[in-house]
>>> print(open('run-v1.cif').read())   # mmCIF, N, CA and C atoms
data_query
#
loop_
_atom_site.label_atom_id
_atom_site.label_comp_id
_atom_site.auth_asym_id
_atom_site.auth_seq_id
_atom_site.Cartn_x
_atom_site.Cartn_y
_atom_site.Cartn_z
N MET K 1 98.71 126.44 118.23
CA MET K 1 98.06 125.64 119.23
C MET K 1 99.10 124.72 119.85
N ARG K 2 98.97 124.51 121.15
CA ARG K 2 99.87 123.62 121.86
C ARG K 2 99.08 122.48 122.46
N ILE K 3 99.52 121.27 122.22
CA ILE K 3 98.86 120.09 122.75
C ILE K 3 99.86 119.33 123.60
N ASN K 4 99.46 119.00 124.82
CA ASN K 4 100.28 118.18 125.69
C ASN K 4 99.59 116.84 125.85
N LEU K 5 100.31 115.80 125.57
CA LEU K 5 99.77 114.45 125.71
C LEU K 5 100.71 113.66 126.58
N HIS K 6 100.18 113.10 127.63
CA HIS K 6 100.96 112.27 128.53
C HIS K 6 100.31 110.89 128.59
N ILE K 7 101.03 109.90 128.18
CA ILE K 7 100.54 108.52 128.27
C ILE K 7 101.34 107.85 129.37
N GLU K 8 100.66 107.60 130.47
CA GLU K 8 101.35 106.99 131.61
C GLU K 8 101.71 105.54 131.34
N LYS K 9 100.79 104.84 130.71
CA LYS K 9 101.02 103.42 130.48
C LYS K 9 100.31 103.01 129.20
N LEU K 10 101.03 102.35 128.34
CA LEU K 10 100.47 101.82 127.10
C LEU K 10 100.76 100.33 127.09
N VAL K 11 99.72 99.53 127.20
CA VAL K 11 99.88 98.09 127.28
C VAL K 11 99.72 97.49 125.88
N LEU K 12 100.74 96.77 125.45
CA LEU K 12 100.75 96.15 124.13
C LEU K 12 101.02 94.66 124.31
N ASP K 13 99.98 93.88 124.19
CA ASP K 13 100.12 92.44 124.35
C ASP K 13 100.21 91.75 123.00
N GLY K 14 101.09 90.77 122.92
CA GLY K 14 101.13 89.90 121.75
C GLY K 14 101.70 90.49 120.48
N LEU K 15 102.55 91.50 120.59
CA LEU K 15 103.14 92.07 119.37
C LEU K 15 104.10 91.08 118.73
N PRO K 16 104.06 90.97 117.41
CA PRO K 16 104.98 90.06 116.73
C PRO K 16 106.35 90.72 116.51
N LEU K 17 106.88 91.35 117.55
CA LEU K 17 108.15 92.06 117.46
C LEU K 17 109.06 91.61 118.59
N GLU K 18 110.32 91.94 118.47
CA GLU K 18 111.31 91.62 119.50
C GLU K 18 111.37 92.74 120.52
N ARG K 19 111.83 92.42 121.71
CA ARG K 19 111.98 93.41 122.78
C ARG K 19 112.86 94.58 122.33
N ARG K 20 113.89 94.28 121.56
CA ARG K 20 114.81 95.33 121.11
C ARG K 20 114.13 96.35 120.18
N ASP K 21 112.95 96.00 119.64
CA ASP K 21 112.21 96.90 118.76
C ASP K 21 111.44 97.97 119.53
N GLY K 22 111.38 97.84 120.85
CA GLY K 22 110.60 98.77 121.66
C GLY K 22 110.86 100.24 121.40
N PRO K 23 112.13 100.70 121.43
CA PRO K 23 112.40 102.12 121.19
C PRO K 23 111.93 102.59 119.81
N ALA K 24 112.08 101.76 118.78
CA ALA K 24 111.64 102.14 117.44
C ALA K 24 110.12 102.24 117.38
N VAL K 25 109.42 101.32 118.05
CA VAL K 25 107.96 101.39 118.11
C VAL K 25 107.55 102.67 118.83
N GLN K 26 108.20 102.98 119.94
CA GLN K 26 107.88 104.19 120.70
C GLN K 26 108.05 105.44 119.84
N ARG K 27 109.16 105.54 119.13
CA ARG K 27 109.39 106.71 118.26
C ARG K 27 108.31 106.81 117.18
N ALA K 28 107.94 105.69 116.60
CA ALA K 28 106.91 105.69 115.54
C ALA K 28 105.56 106.10 116.10
N VAL K 29 105.22 105.64 117.30
CA VAL K 29 103.96 106.03 117.94
C VAL K 29 103.97 107.54 118.18
N GLU K 30 105.05 108.05 118.74
CA GLU K 30 105.14 109.49 119.02
C GLU K 30 105.02 110.32 117.75
N ARG K 31 105.73 109.93 116.70
CA ARG K 31 105.66 110.69 115.43
C ARG K 31 104.26 110.69 114.85
N GLU K 32 103.63 109.51 114.84
CA GLU K 32 102.31 109.41 114.22
C GLU K 32 101.26 110.14 115.04
N LEU K 33 101.31 110.05 116.37
CA LEU K 33 100.36 110.80 117.20
C LEU K 33 100.54 112.30 117.00
N THR K 34 101.78 112.73 116.91
CA THR K 34 102.05 114.16 116.66
C THR K 34 101.44 114.59 115.33
N ARG K 35 101.63 113.77 114.30
CA ARG K 35 101.09 114.09 112.98
C ARG K 35 99.56 114.13 113.01
N LEU K 36 98.95 113.14 113.62
CA LEU K 36 97.49 113.08 113.66
C LEU K 36 96.90 114.28 114.40
N MET K 37 97.51 114.65 115.49
CA MET K 37 96.98 115.78 116.27
C MET K 37 97.24 117.10 115.56
N ALA K 38 98.36 117.22 114.89
CA ALA K 38 98.69 118.46 114.19
C ALA K 38 97.83 118.67 112.95
N ASP K 39 97.29 117.60 112.40
CA ASP K 39 96.46 117.70 111.20
C ASP K 39 95.10 118.35 111.46
N GLY K 40 94.85 118.76 112.70
CA GLY K 40 93.58 119.42 113.00
C GLY K 40 92.45 118.46 113.32
N ASN K 41 92.78 117.20 113.51
CA ASN K 41 91.75 116.22 113.82
C ASN K 41 91.45 116.15 115.32
N PHE K 42 92.05 117.01 116.08
CA PHE K 42 91.91 116.96 117.53
C PHE K 42 91.55 118.36 117.99
N ALA K 43 90.32 118.55 118.41
CA ALA K 43 89.85 119.90 118.73
C ALA K 43 89.57 120.05 120.21
N GLY K 44 89.79 121.25 120.69
CA GLY K 44 89.39 121.59 122.04
C GLY K 44 90.33 121.10 123.11
N SER K 45 90.04 121.58 124.31
CA SER K 45 90.83 121.21 125.48
C SER K 45 90.07 120.12 126.22
N GLN K 46 90.72 119.04 126.49
CA GLN K 46 90.05 117.98 127.20
C GLN K 46 91.05 117.15 127.97
N SER K 47 90.55 116.50 128.98
CA SER K 47 91.35 115.58 129.76
C SER K 47 90.68 114.22 129.69
N VAL K 48 91.45 113.22 129.38
CA VAL K 48 90.92 111.86 129.27
C VAL K 48 91.67 111.02 130.30
N PRO K 49 91.02 110.70 131.42
CA PRO K 49 91.73 109.97 132.46
C PRO K 49 92.11 108.55 132.05
N ALA K 50 91.34 107.94 131.19
CA ALA K 50 91.64 106.61 130.69
C ALA K 50 90.94 106.44 129.35
N ALA K 51 91.56 105.72 128.47
CA ALA K 51 90.96 105.47 127.15
C ALA K 51 91.27 104.05 126.74
N ARG K 52 90.30 103.42 126.13
CA ARG K 52 90.51 102.08 125.60
C ARG K 52 90.52 102.22 124.08
N ALA K 53 91.67 101.97 123.52
CA ALA K 53 91.83 102.10 122.08
C ALA K 53 91.23 100.88 121.39
N PRO K 54 90.71 101.08 120.19
CA PRO K 54 90.18 99.95 119.44
C PRO K 54 91.27 98.91 119.17
N ALA K 55 90.88 97.66 119.15
CA ALA K 55 91.82 96.58 118.85
C ALA K 55 92.31 96.71 117.41
N ILE K 56 93.52 96.27 117.19
CA ILE K 56 94.08 96.31 115.84
C ILE K 56 94.68 94.95 115.51
N THR K 57 94.76 94.69 114.24
CA THR K 57 95.49 93.54 113.73
C THR K 57 96.66 94.10 112.96
N LEU K 58 97.86 93.86 113.45
CA LEU K 58 99.03 94.44 112.81
C LEU K 58 99.24 93.82 111.43
N THR K 59 99.46 94.70 110.47
CA THR K 59 99.77 94.24 109.12
C THR K 59 101.24 94.54 108.88
N GLY K 60 102.04 93.53 108.90
CA GLY K 60 103.48 93.73 108.78
C GLY K 60 104.10 93.80 110.15
N ALA K 61 105.33 93.38 110.26
CA ALA K 61 105.95 93.29 111.56
C ALA K 61 107.08 94.29 111.76
N SER K 62 107.12 95.36 110.99
CA SER K 62 108.18 96.34 111.22
C SER K 62 107.79 97.23 112.39
N PRO K 63 108.76 97.65 113.19
CA PRO K 63 108.46 98.53 114.32
C PRO K 63 107.78 99.83 113.88
N GLN K 64 108.19 100.37 112.74
CA GLN K 64 107.62 101.63 112.27
C GLN K 64 106.15 101.45 111.89
N ARG K 65 105.85 100.40 111.18
CA ARG K 65 104.46 100.16 110.78
C ARG K 65 103.60 99.86 112.00
N ALA K 66 104.11 99.06 112.92
CA ALA K 66 103.38 98.76 114.14
C ALA K 66 103.12 100.04 114.93
N GLY K 67 104.12 100.90 115.03
CA GLY K 67 103.96 102.16 115.75
C GLY K 67 102.90 103.05 115.15
N ARG K 68 102.85 103.11 113.82
CA ARG K 68 101.83 103.93 113.16
C ARG K 68 100.43 103.38 113.43
N GLN K 69 100.29 102.06 113.35
CA GLN K 69 98.98 101.45 113.58
C GLN K 69 98.55 101.62 115.05
N ILE K 70 99.48 101.48 115.97
CA ILE K 70 99.18 101.67 117.39
C ILE K 70 98.75 103.10 117.64
N ALA K 71 99.49 104.05 117.08
CA ALA K 71 99.17 105.47 117.27
C ALA K 71 97.78 105.80 116.74
N THR K 72 97.44 105.26 115.58
CA THR K 72 96.11 105.51 115.01
C THR K 72 95.02 104.98 115.94
N SER K 73 95.24 103.81 116.50
CA SER K 73 94.27 103.24 117.43
C SER K 73 94.16 104.07 118.71
N VAL K 74 95.29 104.47 119.25
CA VAL K 74 95.29 105.32 120.46
C VAL K 74 94.57 106.62 120.17
N PHE K 75 94.86 107.22 119.04
CA PHE K 75 94.22 108.48 118.66
C PHE K 75 92.70 108.33 118.61
N GLU K 76 92.24 107.26 118.01
CA GLU K 76 90.78 107.02 117.96
C GLU K 76 90.23 106.83 119.37
N GLY K 77 90.97 106.18 120.24
CA GLY K 77 90.52 105.97 121.61
C GLY K 77 90.37 107.26 122.39
N ILE K 78 91.30 108.19 122.23
CA ILE K 78 91.21 109.44 123.00
C ILE K 78 90.30 110.45 122.33
N ARG K 79 90.05 110.29 121.05
CA ARG K 79 89.17 111.22 120.33
C ARG K 79 87.71 110.98 120.64
N GLN K 80 87.34 109.79 121.06
CA GLN K 80 85.93 109.48 121.31
C GLN K 80 85.44 110.05 122.59
#
>>> encode(input="run-v1.cif", output="structure tokens")
Amino acid sequence: MRINLHIEKLVLDGLPLERRDGPAVQRAVERELTRLMADGNFAGSQSVPAARAPAITLTGASPQRAGRQIATSVFEGIRQ
């Protein structure tokens, strides 16, 4: 199965991270979204023009952990 996901804009307000952490957060989001979708939790062909992901409270301030939590929230937003 092939899944194409294009996120035009992801708005993240109030992260307890530095600007330099952006690329690491991005990589973590991409890896976690890939894992979540590959696990079979995403079925069918669909287009979602806009999605509002559930709010999260970050636990820990590492870019990798933040990226995983953001990806999980985004995944829930597009899955609904």
>>> resolve_selection(input="run-v1.cif", expression="the PyMOL selection byres ((chain K and resi 63-74) around 5)", output="JSON, numbers by chain")
{"K": [24, 25, 28, 29, 53, 54, 61, 62, 75, 76, 77, 78]}
>>> write_last_selection(input="run-v1.cif", atoms="N, CA and C atoms", output="mmCIF file, in the coordinates of the input")
data_model
loop_
_atom_site.group_PDB
_atom_site.id
_atom_site.type_symbol
_atom_site.label_atom_id
_atom_site.label_comp_id
_atom_site.auth_asym_id
_atom_site.auth_seq_id
_atom_site.Cartn_x
_atom_site.Cartn_y
_atom_site.Cartn_z
ATOM 1 N N ALA K 24 112.080 101.760 118.780
ATOM 2 C CA ALA K 24 111.640 102.140 117.440
ATOM 3 C C ALA K 24 110.120 102.240 117.380
ATOM 4 N N VAL K 25 109.420 101.320 118.050
ATOM 5 C CA VAL K 25 107.960 101.390 118.110
ATOM 6 C C VAL K 25 107.550 102.670 118.830
ATOM 7 N N ALA K 28 107.940 105.690 116.600
ATOM 8 C CA ALA K 28 106.910 105.690 115.540
ATOM 9 C C ALA K 28 105.560 106.100 116.100
ATOM 10 N N VAL K 29 105.220 105.640 117.300
ATOM 11 C CA VAL K 29 103.960 106.030 117.940
ATOM 12 C C VAL K 29 103.970 107.540 118.180
ATOM 13 N N ALA K 53 91.670 101.970 123.520
ATOM 14 C CA ALA K 53 91.830 102.100 122.080
ATOM 15 C C ALA K 53 91.230 100.880 121.390
ATOM 16 N N PRO K 54 90.710 101.080 120.190
ATOM 17 C CA PRO K 54 90.180 99.950 119.440
ATOM 18 C C PRO K 54 91.270 98.910 119.170
ATOM 19 N N ALA K 61 105.330 93.380 110.260
ATOM 20 C CA ALA K 61 105.950 93.290 111.560
ATOM 21 C C ALA K 61 107.080 94.290 111.760
ATOM 22 N N SER K 62 107.120 95.360 110.990
ATOM 23 C CA SER K 62 108.180 96.340 111.220
ATOM 24 C C SER K 62 107.790 97.230 112.390
ATOM 25 N N PHE K 75 94.860 107.220 119.040
ATOM 26 C CA PHE K 75 94.220 108.480 118.660
ATOM 27 C C PHE K 75 92.700 108.330 118.610
ATOM 28 N N GLU K 76 92.240 107.260 118.010
ATOM 29 C CA GLU K 76 90.780 107.020 117.960
ATOM 30 C C GLU K 76 90.230 106.830 119.370
ATOM 31 N N GLY K 77 90.970 106.180 120.240
ATOM 32 C CA GLY K 77 90.520 105.970 121.610
ATOM 33 C C GLY K 77 90.370 107.260 122.390
ATOM 34 N N ILE K 78 91.300 108.190 122.230
ATOM 35 C CA ILE K 78 91.210 109.440 123.000
ATOM 36 C C ILE K 78 90.300 110.450 122.330
#
>>> closest_residue(input="run-v1.cif", among="K:Thr57, K:Arg27, K:Arg35, K:Pro16", to="K:Ile3", atoms="only C-alpha atoms")
K:Arg35
>>> select_by_dssp(input="run-v1.cif", residues="chain K", states="helix (DSSP H, G or I)", output="ChimeraX atom specification")
/K:19-41,63-79
>>> atom_distance(input="run-v1.cif", atom1="atom CA of K:His6", atom2="atom CA of K:Asp39")
18.7 Å
>>> atom_distance(input="run-v1.cif", atom1="atom CA of K:Met37", atom2="atom C of K:Leu17")
27.1 Å
>>> build_atoms(input="run-v1.cif", residues="stretch 4-15 of chain K", atoms="N, CA, C and O atoms", output="mmCIF file, in the frame of the given file")
data_model
loop_
_atom_site.group_PDB
_atom_site.id
_atom_site.type_symbol
_atom_site.label_atom_id
_atom_site.label_comp_id
_atom_site.auth_asym_id
_atom_site.auth_seq_id
_atom_site.Cartn_x
_atom_site.Cartn_y
_atom_site.Cartn_z
ATOM 1 N N ASN K 4 99.460 119.000 124.820
ATOM 2 C CA ASN K 4 100.280 118.180 125.690
ATOM 3 C C ASN K 4 99.590 116.840 125.850
ATOM 4 O O ASN K 4 98.430 116.783 126.242
ATOM 5 N N LEU K 5 100.310 115.800 125.570
ATOM 6 C CA LEU K 5 99.770 114.450 125.710
ATOM 7 C C LEU K 5 100.710 113.660 126.580
ATOM 8 O O LEU K 5 101.916 113.583 126.302
ATOM 9 N N HIS K 6 100.180 113.100 127.630
ATOM 10 C CA HIS K 6 100.960 112.270 128.530
ATOM 11 C C HIS K 6 100.310 110.890 128.590
ATOM 12 O O HIS K 6 99.156 110.777 128.983
ATOM 13 N N ILE K 7 101.030 109.900 128.180
ATOM 14 C CA ILE K 7 100.540 108.520 128.270
ATOM 15 C C ILE K 7 101.340 107.850 129.370
ATOM 16 O O ILE K 7 102.541 107.611 129.225
ATOM 17 N N GLU K 8 100.660 107.600 130.470
ATOM 18 C CA GLU K 8 101.350 106.990 131.610
ATOM 19 C C GLU K 8 101.710 105.540 131.340
ATOM 20 O O GLU K 8 102.790 105.082 131.679
ATOM 21 N N LYS K 9 100.790 104.840 130.710
ATOM 22 C CA LYS K 9 101.020 103.420 130.480
ATOM 23 C C LYS K 9 100.310 103.010 129.200
ATOM 24 O O LYS K 9 99.136 103.300 129.014
ATOM 25 N N LEU K 10 101.030 102.350 128.340
ATOM 26 C CA LEU K 10 100.470 101.820 127.100
ATOM 27 C C LEU K 10 100.760 100.330 127.090
ATOM 28 O O LEU K 10 101.919 99.918 127.035
ATOM 29 N N VAL K 11 99.720 99.530 127.200
ATOM 30 C CA VAL K 11 99.880 98.090 127.280
ATOM 31 C C VAL K 11 99.720 97.490 125.880
ATOM 32 O O VAL K 11 98.701 97.686 125.239
ATOM 33 N N LEU K 12 100.740 96.770 125.450
ATOM 34 C CA LEU K 12 100.750 96.150 124.130
ATOM 35 C C LEU K 12 101.020 94.660 124.310
ATOM 36 O O LEU K 12 102.140 94.252 124.577
ATOM 37 N N ASP K 13 99.980 93.880 124.190
ATOM 38 C CA ASP K 13 100.120 92.440 124.350
ATOM 39 C C ASP K 13 100.210 91.750 123.000
ATOM 40 O O ASP K 13 99.479 92.084 122.070
ATOM 41 N N GLY K 14 101.090 90.770 122.920
ATOM 42 C CA GLY K 14 101.130 89.900 121.750
ATOM 43 C C GLY K 14 101.700 90.490 120.480
ATOM 44 O O GLY K 14 101.367 90.038 119.391
ATOM 45 N N LEU K 15 102.550 91.500 120.590
ATOM 46 C CA LEU K 15 103.140 92.070 119.370
ATOM 47 C C LEU K 15 104.100 91.080 118.730
ATOM 48 O O LEU K 15 104.883 90.438 119.427
#
